[in-house]
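This is protein.txt. It holds compact mmCIF, C-alpha atoms.
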# COMPACT_ATOMS: atom_id res chain seq x y z
CA MET R 158 125.76 81.14 204.89
CA ALA R 159 125.19 84.05 207.23
CA PHE R 160 124.09 87.67 206.93
CA VAL R 161 125.13 90.25 209.51
CA MET R 162 123.83 93.82 209.49
CA ILE R 163 126.21 96.66 210.33
CA THR R 164 124.09 99.59 211.48
CA SER R 165 124.88 103.24 210.78
CA ASP R 166 126.30 103.52 214.32
CA ARG R 167 128.49 100.45 213.58
CA LYS R 168 126.78 97.79 215.67
CA ALA R 169 127.05 94.28 214.19
CA LEU R 170 123.71 92.49 214.43
CA PRO R 171 123.46 88.85 213.24
CA HIS R 172 120.29 88.68 211.14
CA ARG R 173 120.00 85.32 209.45
CA SER R 174 122.01 82.17 208.83
CA PHE R 175 121.20 78.88 207.16
CA ASN R 176 122.79 75.69 205.89
CA THR R 177 123.70 75.84 202.19
CA SER R 178 125.90 72.73 202.06
CA ALA R 179 123.40 71.03 199.74
CA GLU R 180 123.37 73.98 197.30
CA ARG R 181 125.72 74.68 194.42
CA HIS R 182 127.43 77.97 195.18
CA PHE R 183 126.85 79.57 191.81
CA ALA R 184 126.73 83.36 191.59
CA GLU R 185 123.05 83.24 190.58
CA VAL R 186 122.16 81.27 193.73
CA LEU R 187 124.10 83.70 195.94
CA ARG R 188 122.40 86.61 194.15
CA ASP R 189 118.97 85.22 195.01
CA HIS R 190 119.93 84.85 198.68
CA MET R 191 121.30 88.41 198.73
CA ILE R 192 118.15 89.90 197.15
CA GLU R 193 115.94 87.95 199.56
CA GLU R 194 118.00 89.24 202.50
CA ILE R 195 117.87 92.87 201.29
CA GLN R 196 114.10 92.70 200.90
CA LEU R 197 113.70 91.15 204.34
CA VAL R 198 115.95 93.70 206.07
CA GLU R 199 114.34 96.69 204.39
CA LYS R 200 110.86 95.41 205.29
CA GLU R 201 111.63 94.48 208.90
CA MET R 202 113.89 97.40 209.75
CA ALA R 203 112.23 100.09 207.60
CA THR R 204 115.66 101.11 206.37
CA ARG R 205 117.70 101.15 203.18
CA VAL R 206 120.69 98.89 202.62
CA LYS R 207 123.77 100.91 201.67
CA ALA R 208 126.33 98.25 200.74
CA ILE R 209 127.00 94.54 200.34
CA ILE R 210 130.36 93.28 201.59
CA THR R 211 131.70 89.75 201.02
CA ASP R 212 135.12 88.17 200.58
CA ALA R 213 136.82 88.43 197.19
CA ALA R 214 135.75 85.02 195.85
CA SER R 215 134.74 85.25 192.19
CA ASP R 216 131.22 83.87 192.77
CA CYS R 217 130.58 86.37 195.57
CA ARG R 218 131.88 89.23 193.44
CA LYS R 219 129.68 88.24 190.50
CA ALA R 220 126.64 87.81 192.75
CA ARG R 221 127.07 91.34 194.13
CA ARG R 222 127.39 92.72 190.61
CA LEU R 223 124.19 90.95 189.53
CA VAL R 224 122.30 92.32 192.54
CA ILE R 225 123.32 95.88 191.63
CA GLU R 226 122.69 95.52 187.89
CA GLU R 227 119.33 93.78 188.20
CA ALA R 228 117.68 95.24 191.27
CA TYR R 229 119.60 97.71 193.46
CA PRO R 230 121.81 100.15 191.52
CA HIS R 231 122.14 102.46 194.56
CA ILE R 232 123.88 99.78 196.66
CA LEU R 233 127.68 99.70 196.87
CA SER R 234 129.52 96.43 196.20
CA LEU R 235 132.71 95.99 198.24
CA ASP R 236 135.29 93.31 198.88
CA CYS R 237 136.17 92.68 202.52
CA PHE R 238 139.40 94.64 202.89
CA ALA R 239 140.55 92.77 205.99
CA HIS R 240 140.37 89.63 203.84
CA GLN R 241 142.36 91.40 201.11
CA MET R 242 145.15 92.18 203.56
CA ASN R 243 145.26 88.55 204.67
CA LEU R 244 145.51 87.47 201.02
CA LEU R 245 148.50 89.78 200.58
CA VAL R 246 150.30 88.04 203.44
CA GLY R 247 149.54 84.70 201.80
CA ASN R 248 150.99 86.02 198.53
CA TYR R 249 154.16 87.08 200.34
CA LEU R 250 154.68 83.60 201.81
CA LYS R 251 154.04 81.97 198.42
CA ASP R 252 156.57 84.25 196.72
CA HIS R 253 159.15 83.59 199.47
CA PRO R 254 159.47 79.83 200.03
CA GLY R 255 162.24 80.51 202.55
CA ALA R 256 159.84 82.60 204.64
CA SER R 257 157.34 79.72 204.66
CA VAL R 258 160.07 77.36 205.93
CA VAL R 259 161.06 79.76 208.71
CA MET R 260 157.39 80.28 209.62
CA LYS R 261 156.91 76.49 209.93
CA GLN R 262 160.08 76.14 212.03
CA ALA R 263 158.87 78.91 214.33
CA THR R 264 155.42 77.31 214.62
CA ASP R 265 156.92 73.89 215.42
CA LEU R 266 159.18 75.52 218.00
CA ILE R 267 156.25 77.26 219.72
CA HIS R 268 154.18 74.05 219.82
CA TRP R 269 157.09 72.00 221.20
CA TRP R 270 157.81 74.35 224.11
CA LYS R 271 154.11 74.74 224.94
CA TRP R 272 153.65 70.98 225.18
CA HIS R 273 156.74 70.31 227.35
CA LEU R 274 156.21 71.90 230.72
CA VAL R 275 159.53 71.08 232.43
CA PRO R 276 161.73 72.48 229.62
CA PHE R 277 159.39 75.47 229.42
CA SER R 278 159.92 76.10 233.14
CA TYR R 279 163.66 76.39 232.36
CA LEU R 280 162.78 79.15 229.89
CA GLN R 281 160.72 80.99 232.48
CA LEU R 282 163.66 80.98 234.90
CA GLU R 283 165.73 82.87 232.30
CA MET R 284 163.00 85.44 231.57
CA ASP R 285 162.79 88.80 233.35
CA LYS R 286 159.08 88.24 233.92
CA PRO R 287 156.67 85.31 233.36
CA MET R 288 155.38 85.19 229.80
CA ALA R 289 153.41 82.74 227.66
CA LEU R 290 154.09 81.71 224.09
CA LEU R 291 151.27 82.45 221.64
CA THR R 292 149.88 80.06 219.04
CA GLY R 293 148.92 81.54 215.68
CA CYS R 294 145.81 80.54 213.75
CA LEU R 295 146.46 79.25 210.21
CA THR R 296 143.62 81.30 208.72
CA ARG R 297 144.58 84.50 210.53
CA TRP R 298 147.99 85.70 209.42
CA GLY R 299 147.90 88.57 211.90
CA SER R 300 147.82 86.11 214.80
CA GLN R 301 150.82 84.26 213.34
CA VAL R 302 152.82 87.49 213.20
CA ALA R 303 151.83 88.19 216.82
CA ALA R 304 153.01 84.68 217.77
CA ILE R 305 156.40 85.29 216.11
CA ILE R 306 156.78 88.67 217.84
CA ARG R 307 156.22 86.92 221.18
CA LEU R 308 158.65 84.14 220.22
CA LEU R 309 161.33 86.76 219.54
CA GLN R 310 160.98 87.90 223.15
CA PHE R 311 162.08 84.39 224.20
CA ARG R 312 165.17 84.43 221.97
CA GLN R 313 167.83 85.09 224.59
CA ALA R 314 166.29 82.75 227.17
CA MET R 315 165.85 79.99 224.58
CA GLN R 316 169.42 80.21 223.33
CA VAL R 317 170.78 80.17 226.90
CA VAL R 318 168.68 77.13 227.88
CA LEU R 319 169.61 75.21 224.73
CA LEU R 320 173.28 76.01 225.21
CA ARG R 321 173.32 74.81 228.83
CA ARG R 322 170.59 72.18 229.02
CA LYS R 323 169.83 70.83 225.56
CA ASP R 324 171.30 67.39 226.29
CA GLU R 325 169.46 67.22 229.61
CA ILE R 326 166.17 68.12 227.89
CA LEU R 327 166.68 65.49 225.18
CA ASP R 328 167.55 62.84 227.80
CA MET R 329 164.10 63.37 229.35
CA ILE R 330 162.54 61.99 226.15
CA LYS R 331 162.70 58.19 226.20
CA ASP R 332 161.20 57.46 222.78
CA ARG R 333 163.93 57.63 220.14
CA LYS R 334 161.67 58.94 217.36
CA SER R 335 160.32 61.72 219.59
CA ARG R 336 163.84 62.56 220.75
CA ASP R 337 165.09 62.90 217.15
CA SER R 338 162.09 65.07 216.28
CA ALA R 339 162.73 67.31 219.33
CA ASN R 340 166.40 67.62 218.39
CA THR R 341 165.44 68.79 214.89
CA VAL R 342 162.97 71.36 216.22
CA LEU R 343 165.28 72.70 218.95
CA SER R 344 168.38 72.81 216.75
CA ALA R 345 166.62 75.28 214.42
CA ALA R 346 166.48 77.84 217.28
CA GLN R 347 170.22 77.83 218.01
CA PRO R 348 171.79 79.62 215.01
CA ASP R 349 171.53 83.41 214.86
CA HIS R 350 170.46 83.41 211.20
CA PHE R 351 167.14 81.75 212.17
CA TRP R 352 166.31 84.66 214.46
CA ALA R 353 167.57 87.20 211.90
CA GLU R 354 165.16 85.75 209.32
CA LEU R 355 162.31 85.92 211.85
CA ILE R 356 163.10 89.59 212.55
CA HIS R 357 163.16 90.34 208.81
CA MET R 358 159.81 88.58 208.35
CA VAL R 359 158.21 90.56 211.17
CA GLN R 360 159.56 93.85 209.79
CA THR R 361 158.07 92.95 206.40
CA LEU R 362 154.68 91.72 207.61
CA LEU R 363 154.06 94.08 210.54
CA PRO R 364 152.56 96.88 208.36
CA LEU R 365 150.16 94.31 206.89
CA ARG R 366 149.21 93.18 210.39
CA ILE R 367 148.56 96.80 211.38
CA ALA R 368 146.40 97.24 208.26
CA VAL R 369 144.44 94.09 209.13
CA ARG R 370 143.87 95.31 212.70
CA VAL R 371 142.57 98.67 211.41
CA LEU R 372 140.38 97.29 208.63
CA GLU R 373 138.88 94.33 210.53
CA SER R 374 137.21 96.67 213.03
CA ASP R 375 133.45 97.19 212.76
CA THR R 376 134.16 100.93 212.87
CA ALA R 377 136.60 100.93 209.90
CA ARG R 378 135.72 103.52 207.20
CA LEU R 379 136.25 103.99 203.47
CA ASP R 380 138.86 106.73 203.97
CA GLN R 381 140.90 104.40 206.20
CA VAL R 382 141.11 101.83 203.40
CA LEU R 383 142.87 104.37 201.17
CA GLU R 384 145.09 105.46 204.07
CA GLN R 385 146.24 101.88 204.71
CA TYR R 386 146.90 101.25 201.01
CA ASP R 387 149.04 104.40 200.93
CA HIS R 388 151.07 103.21 203.95
CA LEU R 389 151.58 99.77 202.39
CA LEU R 390 152.59 101.14 198.99
CA ASN R 391 155.23 103.31 200.66
CA HIS R 392 156.47 100.40 202.77
CA PHE R 393 156.71 97.96 199.84
CA SER R 394 157.92 100.45 197.23
CA GLY R 395 161.22 98.58 196.91
CA THR R 396 159.60 95.12 196.82
CA ASP R 397 158.38 94.43 193.29
CA HIS R 398 156.07 91.47 193.91
CA MET R 399 154.25 93.03 196.90
CA PHE R 400 153.97 96.38 195.16
CA VAL R 401 152.43 94.64 192.12
CA SER R 402 149.97 92.75 194.38
CA LEU R 403 148.87 96.02 195.98
CA GLU R 404 148.48 97.65 192.55
CA LYS R 405 146.29 94.74 191.41
CA CYS R 406 144.08 95.12 194.49
CA TRP R 407 143.77 98.88 193.87
CA ALA R 408 142.89 98.27 190.20
CA LYS R 409 139.91 96.09 191.23
CA MET R 410 138.57 98.70 193.64
CA GLU R 411 135.96 101.37 192.94
CA GLN R 412 138.68 104.02 193.13
CA LYS R 413 136.48 107.09 192.81
CA LEU R 414 134.51 106.04 195.87
CA PHE R 415 137.56 105.78 198.14
CA LEU R 416 139.14 108.96 196.85
CA LEU R 417 135.90 110.86 197.45
CA ALA R 418 135.52 109.48 200.99
CA TYR R 419 139.16 110.35 201.74
CA VAL R 420 138.80 113.97 200.59
CA LEU R 421 135.51 114.41 202.47
CA HIS R 422 137.21 113.74 205.79
CA PRO R 423 137.93 117.28 207.11
CA ALA R 424 141.28 116.20 208.59
CA ARG R 425 142.48 114.79 205.26
CA GLN R 426 141.12 116.64 202.21
CA PHE R 427 143.99 116.53 199.65
CA SER R 428 146.72 115.48 202.10
CA PHE R 429 149.01 112.85 200.56
CA ILE R 430 147.19 113.09 197.20
CA SER R 431 149.60 114.12 194.46
CA SER R 432 148.77 117.44 192.80
CA THR R 433 149.62 115.81 189.46
CA LEU R 434 146.50 113.64 189.61
CA SER R 435 143.38 114.84 187.84
CA PHE R 436 141.42 114.09 191.02
CA ALA R 437 143.35 116.74 193.00
CA TYR R 438 141.01 119.53 191.86
CA SER R 439 137.67 120.66 193.22
CA SER R 440 135.99 120.16 189.82
CA SER R 441 136.90 116.43 189.85
CA VAL R 442 135.72 116.03 193.45
CA ALA R 443 132.46 117.80 192.59
CA MET R 444 131.97 115.55 189.55
CA TYR R 445 132.42 112.40 191.67
CA ALA R 446 130.19 113.85 194.39
CA THR R 447 127.33 114.53 191.96
CA GLU R 448 127.75 111.08 190.41
CA TYR R 449 127.41 109.28 193.75
CA TYR R 450 124.72 111.62 195.04
CA ASP R 451 122.63 110.83 191.97
CA ARG R 452 123.30 107.10 192.39
CA PHE R 453 122.34 107.01 196.08
CA PHE R 454 119.45 109.47 196.22
CA GLY R 455 118.62 110.70 192.72
CA SER R 456 119.21 114.37 192.04
CA THR R 457 117.75 117.42 190.33
CA ALA R 458 119.71 119.92 188.24
CA ASP R 459 119.53 122.41 191.13
CA GLU R 460 120.95 119.88 193.63
CA LYS R 461 123.87 119.20 191.28
CA ARG R 462 124.61 122.92 191.04
CA GLN R 463 124.46 123.23 194.80
CA LEU R 464 126.83 120.28 195.20
CA TYR R 465 129.42 121.93 192.96
CA LYS R 466 129.24 125.12 195.04
CA GLN R 467 129.36 123.25 198.36
CA VAL R 468 132.39 121.16 197.31
CA ALA R 469 134.25 124.33 196.27
CA SER R 470 133.42 126.03 199.60
CA TYR R 471 134.48 122.94 201.56
CA LEU R 472 137.84 122.55 199.78
CA ASP R 473 138.57 126.30 199.91
CA LYS R 474 137.49 126.39 203.59
CA GLU R 475 135.09 129.27 203.03
CA GLY R 476 132.52 130.57 205.51
CA ALA R 477 131.40 128.04 208.15
CA PHE R 478 133.80 125.45 206.73
CA GLY R 479 136.75 127.71 207.49
CA THR R 480 135.78 128.07 211.14
CA SER R 481 134.82 124.40 211.72
CA ILE R 482 137.47 122.40 209.85
CA PRO R 483 140.34 123.42 212.23
CA ASN R 484 138.36 121.78 215.07
CA TYR R 485 138.32 118.40 213.29
CA GLN R 486 141.98 117.63 212.56
CA ASP R 487 142.24 114.10 213.94
CA PRO R 488 142.11 111.58 211.03
CA LYS R 489 141.06 108.82 213.46
CA GLU R 490 137.97 110.75 214.53
CA HIS R 491 134.74 109.82 212.81
CA PRO R 492 133.69 112.83 210.69
CA GLY R 493 129.97 112.28 211.27
CA GLY R 494 129.87 115.05 213.88
CA PHE R 495 131.47 117.53 211.48
CA TRP R 496 129.01 116.80 208.68
CA SER R 497 126.03 116.96 211.06
CA LEU R 498 127.23 120.43 212.01
CA MET R 499 127.44 121.38 208.30
CA ARG R 500 123.91 120.11 207.52
CA GLN R 501 122.41 123.60 207.34
CA VAL R 502 125.34 125.07 205.42
CA ALA R 503 125.74 122.30 202.83
CA PRO R 504 122.72 119.94 203.02
CA GLU R 505 123.48 117.93 199.87
CA LEU R 506 127.20 117.46 200.54
CA SER R 507 126.51 116.69 204.20
CA ARG R 508 123.96 114.03 203.24
CA LEU R 509 126.41 112.41 200.81
CA ALA R 510 129.34 112.46 203.26
CA LYS R 511 127.33 110.97 206.11
CA HIS R 512 126.12 108.22 203.78
CA LEU R 513 129.69 107.35 202.75
CA PHE R 514 131.05 107.32 206.30
CA GLN R 515 128.28 104.97 207.46
CA VAL R 516 129.42 102.25 205.01
CA ALA R 517 131.30 99.29 206.52
CA VAL R 518 134.39 97.94 204.75
CA ASN R 519 134.67 94.34 205.97
CA SER R 520 132.71 91.14 206.56
CA VAL R 521 134.68 90.14 209.66
CA SER R 522 131.50 90.19 211.75
CA VAL R 523 130.33 87.13 209.79
CA GLU R 524 133.53 85.28 210.72
CA ARG R 525 132.98 86.28 214.35
CA LEU R 526 129.45 84.88 214.09
CA PHE R 527 130.77 81.55 212.80
CA SER R 528 133.26 81.49 215.70
CA ALA R 529 130.40 82.14 218.12
CA PHE R 530 128.47 79.23 216.57
CA GLY R 531 131.48 76.98 217.17
CA ASN R 532 131.75 78.10 220.81
CA ILE R 533 128.03 77.48 221.38
CA GLN R 534 127.50 74.21 219.51
CA THR R 535 130.26 72.09 221.04
CA LYS R 536 130.61 68.31 221.42
CA ARG R 537 128.73 68.56 224.71
CA ARG R 538 125.93 70.60 223.11
CA SER R 539 125.75 68.85 219.76
CA ARG R 540 121.93 68.50 219.89
CA CYS R 541 121.38 72.25 220.03
CA VAL R 542 119.20 73.10 217.00
CA HIS R 543 120.34 75.78 214.58
CA ALA R 544 117.56 78.26 215.45
CA ARG R 545 118.59 78.22 219.11
CA VAL R 546 122.28 78.60 218.22
CA GLN R 547 121.36 81.62 216.08
CA LYS R 548 119.41 83.22 218.95
CA LEU R 549 122.21 82.60 221.46
CA ALA R 550 124.83 84.05 219.09
CA THR R 551 122.63 87.10 218.49
CA SER R 552 122.18 87.61 222.24
CA LYS R 553 125.93 87.26 222.77
CA SER R 554 126.65 89.90 220.11
CA MET R 555 124.49 92.39 222.00
CA LEU R 556 126.43 92.02 225.25
CA PRO R 557 129.28 94.47 225.95
CA ASN R 558 132.69 93.12 224.98
CA PRO R 559 134.83 92.83 228.16
CA GLY R 560 137.96 93.18 226.02
CA GLN R 561 136.98 96.65 224.86
CA ARG R 562 137.91 99.73 226.86
CA ARG R 563 134.87 101.51 228.22
CA SER R 564 134.63 105.28 228.07

Target format structure tokens, applied to this file:
Amino acid sequence: MAFVMITSDRKALPHRSFNTSAERHFAEVLRDHMIEEIQLVEKEMATRVKAIITDAASDCRKARRLVIEEAYPHILSLDCFAHQMNLLVGNYLKDHPGASVVMKQATDLIHWWKWHLVPFSYLQLEMDKPMALLTGCLTRWGSQVAAIIRLLQFRQAMQVVLLRRKDEILDMIKDRKSRDSANTVLSAAQPDHFWAELIHMVQTLLPLRIAVRVLESDTARLDQVLEQYDHLLNHFSGTDHMFVSLEKCWAKMEQKLFLLAYVLHPARQFSFISSTLSFAYSSSVAMYATEYYDRFFGSTADEKRQLYKQVASYLDKEGAFGTSIPNYQDPKEHPGGFWSLMRQVAPELSRLAKHLFQVAVNSVSVERLFSAFGNIQTKRRSRCVHARVQKLATSKSMLPNPGQRRS
């Protein structure tokens, strides 16, 4: 089990990890670990925990609920939304057995070409430029979609090579069993319907991959969760089973929270929210705002009155809001700067908005930590004790990521 802190400026800091393989993973046990971690973080860092994010496992969900009910009512309880998107892809493959078959054929095809260098060199000769095949990870559906997209770029070259040199390639394989297996794998890539099914699968799953890429970032925000759900609902509106899966996910979410965060982004407000919904009125937004303000900070009657006025001014773009909102019309931009600017004009609403936009929406940083552990404690470093592995992983997380573009 591992705990990673996401700071208000969205830095992921590994805090504590320990072996729980000997423990029963009941919700009550997880609750105790969570409460212990919250107390430790708030004591060491002199800060206040805003949210707990885990995957959607029932024990984790129950543990978060117990923490909030018994000790920390101001803390938000969230499922990891990157994990939710991955589950949706899994649901799609379960509901479409044919898609699972095509996915396996594509995976076998990728592995075969990667492990046979001479036939792969024939492919490279037919390509416009050198290119490598990608291997997807079973637990990361986004990587599998990326691998299929790359495979599609080899389509023409692969069909040409198999048409001209398939017998020559098979003759290179002396073992009869291996030759029959290769023939089965390669024959799947020759008919056009195989590639047509791959294209259809990519077109179906690509929006989910985009959603995963957005929501697995450490900088992902609450308003972006609602934005991605809206995109997916529009994309899958004609697909009953996926639409139902998305509706089920939305039903389990704390809907008021995401709607409020969406409206409090100055570039969004009521965009794409139907005017027929009861939420699409300033009185409803103000009601939700006072509810969450009271939950997070506690509130007086005067602060509630001020919140109602500030919400109305913000939505009607009155006074300073009217002059500042036009300067913040990029939905991708973090709205923290806008609400810092509005701190003197609307102190209560600014405080609430900044709190909401500092909340993380995924637990991907924990998965990255586990990956770092695996890269550190290898077969050649199997005697490395856990405390040292934890320190090395923490140090690694503080180094700049060479894959990220520097400003």

Measuring between all atoms listed in the file, which one of R:Lys200, R:His240, R:Arg378, R:His182 shows the shortest distance to Lys219 in chain R?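 Comparing R:Lys200, R:His240, R:Arg378, R:His182 against Lys219 in chain R, the winner is R:His182.
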
Give as a PyMOL selection string every residue, naming chains and numbers as the document does, that has an atom within 12 Å of (147.3, 116.8, 207.8), counting all atoms listed in the file. chain R and resi 420+422-430+482-483+485-489

Between CA of Ser338 in chain R and CA of Met315 in chain R, measure the distance and give it in Å to one decimal. 17.5 Å

Quick check, in Å to one decimal: how far apart do CA of Leu416 in chain R and CA of Ala446 in chain R lie?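 Between these atoms lies a distance of 10.5 Å.
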
If we count only C-alpha atoms and set the cut-off at 9 Å, which residues sit around Gly479 in chain R, ignoring sequence neighbours fewer than 6 positions away in its own chain? Please answer as a list in words. Ser470, Tyr471 and Asp473 of chain R

Ala213 in chain R surroundings by all atoms listed in the file, 7 Å radius, close-in-sequence under 3 positions cut, as JSON, numbers by chain: {"R": [217, 218, 236, 237]}

Neighbouring residues of Ala228 in chain R were defined as those with any atom within 9 Å, considering all atoms listed in the file; residues of the same chain fewer than 4 positions away were excluded. Please report them as a PyMOL selection string. chain R and resi 192+223-224

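For the atom pair formed by CA of Ser344 in chain R and CA of Leu363 in chain R, the distance is 26.4 Å, given to one decimal.
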
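Remark: for Gln360 in chain R, the closest of the candidate residues R:Glu199, R:Val317, R:Val302, R:Phe175 is R:Val302 (distances computed over all atoms listed in the file).
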
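With distances restricted to all atoms listed in the file, R:Glu354 is the closest residue to Gly255 in chain R from R:Glu448, R:Asp380, R:Glu354, R:Asp328.
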
Nearest to Ala159 in chain R among R:Ala517, R:Ala477, R:Ile367, R:Leu526, with distances taken over only C-alpha atoms: which residue is it? R:Leu526

May I have the residues within 10 Å of range 493-510 of chain R as a ChimeraX atom specification, using only C-alpha atoms and disregarding those fewer than 5 positions away in the same chain? /R:166,417-418,420-423,443,446-447,449-451,453-454,456,460-461,463-468,470-471,476-478,481-482,484-485,515

Pull C-alpha atoms from the residues just selected and write them as a PDB file, keeping the file's coordinate frame.
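Written output follows (part.pdb):
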ATOM      1  CA  ASP R 166     126.300 103.520 214.320  1.00  0.00           C
ATOM      2  CA  LEU R 417     135.900 110.860 197.450  1.00  0.00           C
ATOM      3  CA  ALA R 418     135.520 109.480 200.990  1.00  0.00           C
ATOM      4  CA  VAL R 420     138.800 113.970 200.590  1.00  0.00           C
ATOM      5  CA  LEU R 421     135.510 114.410 202.470  1.00  0.00           C
ATOM      6  CA  HIS R 422     137.210 113.740 205.790  1.00  0.00           C
ATOM      7  CA  PRO R 423     137.930 117.280 207.110  1.00  0.00           C
ATOM      8  CA  ALA R 443     132.460 117.800 192.590  1.00  0.00           C
ATOM      9  CA  ALA R 446     130.190 113.850 194.390  1.00  0.00           C
ATOM     10  CA  THR R 447     127.330 114.530 191.960  1.00  0.00           C
ATOM     11  CA  TYR R 449     127.410 109.280 193.750  1.00  0.00           C
ATOM     12  CA  TYR R 450     124.720 111.620 195.040  1.00  0.00           C
ATOM     13  CA  ASP R 451     122.630 110.830 191.970  1.00  0.00           C
ATOM     14  CA  PHE R 453     122.340 107.010 196.080  1.00  0.00           C
ATOM     15  CA  PHE R 454     119.450 109.470 196.220  1.00  0.00           C
ATOM     16  CA  SER R 456     119.210 114.370 192.040  1.00  0.00           C
ATOM     17  CA  GLU R 460     120.950 119.880 193.630  1.00  0.00           C
ATOM     18  CA  LYS R 461     123.870 119.200 191.280  1.00  0.00           C
ATOM     19  CA  GLN R 463     124.460 123.230 194.800  1.00  0.00           C
ATOM     20  CA  LEU R 464     126.830 120.280 195.200  1.00  0.00           C
ATOM     21  CA  TYR R 465     129.420 121.930 192.960  1.00  0.00           C
ATOM     22  CA  LYS R 466     129.240 125.120 195.040  1.00  0.00           C
ATOM     23  CA  GLN R 467     129.360 123.250 198.360  1.00  0.00           C
ATOM     24  CA  VAL R 468     132.390 121.160 197.310  1.00  0.00           C
ATOM     25  CA  SER R 470     133.420 126.030 199.600  1.00  0.00           C
ATOM     26  CA  TYR R 471     134.480 122.940 201.560  1.00  0.00           C
ATOM     27  CA  GLY R 476     132.520 130.570 205.510  1.00  0.00           C
ATOM     28  CA  ALA R 477     131.400 128.040 208.150  1.00  0.00           C
ATOM     29  CA  PHE R 478     133.800 125.450 206.730  1.00  0.00           C
ATOM     30  CA  SER R 481     134.820 124.400 211.720  1.00  0.00           C
ATOM     31  CA  ILE R 482     137.470 122.400 209.850  1.00  0.00           C
ATOM     32  CA  ASN R 484     138.360 121.780 215.070  1.00  0.00           C
ATOM     33  CA  TYR R 485     138.320 118.400 213.290  1.00  0.00           C
ATOM     34  CA  GLN R 515     128.280 104.970 207.460  1.00  0.00           C
TER      35      GLN R 515
END

Give me the residues within 7 Å of Val546 in chain R as a list in words, counting all atoms listed in the file and dropping any in the same chain fewer than 3 places off.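 After dropping sequence-adjacent residues, the list is Phe530, Ile533, Gln534, Cys541, Val542, His543, Leu549 and Ala550 of chain R.
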
Could you save the residues just selected, with C-alpha atoms, as a compact mmCIF listing (two decimals), keeping the file's coordinate frame?
# COMPACT_ATOMS: atom_id res chain seq x y z
CA PHE R 530 128.47 79.23 216.57
CA ILE R 533 128.03 77.48 221.38
CA GLN R 534 127.50 74.21 219.51
CA CYS R 541 121.38 72.25 220.03
CA VAL R 542 119.20 73.10 217.00
CA HIS R 543 120.34 75.78 214.58
CA LEU R 549 122.21 82.60 221.46
CA ALA R 550 124.83 84.05 219.09

Taking into account all atoms listed in the file, which residue in the set R:Asp459, R:Glu283, R:Asp337, R:Glu475 is nearest to Asp324 in chain R? R:Asp337

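Considering all atoms listed in the file, the residue among R:Leu472, R:Val342, R:Ala314, R:Val259 positioned nearest to Leu282 in chain R is R:Ala314.
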
Please tell me which residues are no farther than 12 Å from (167.9, 72.7, 216.7) in the file, counting only C-alpha atoms, and write them as a ChimeraX atom specification. /R:262-263,265-266,269,315-316,319-320,323-324,327,336-349,351
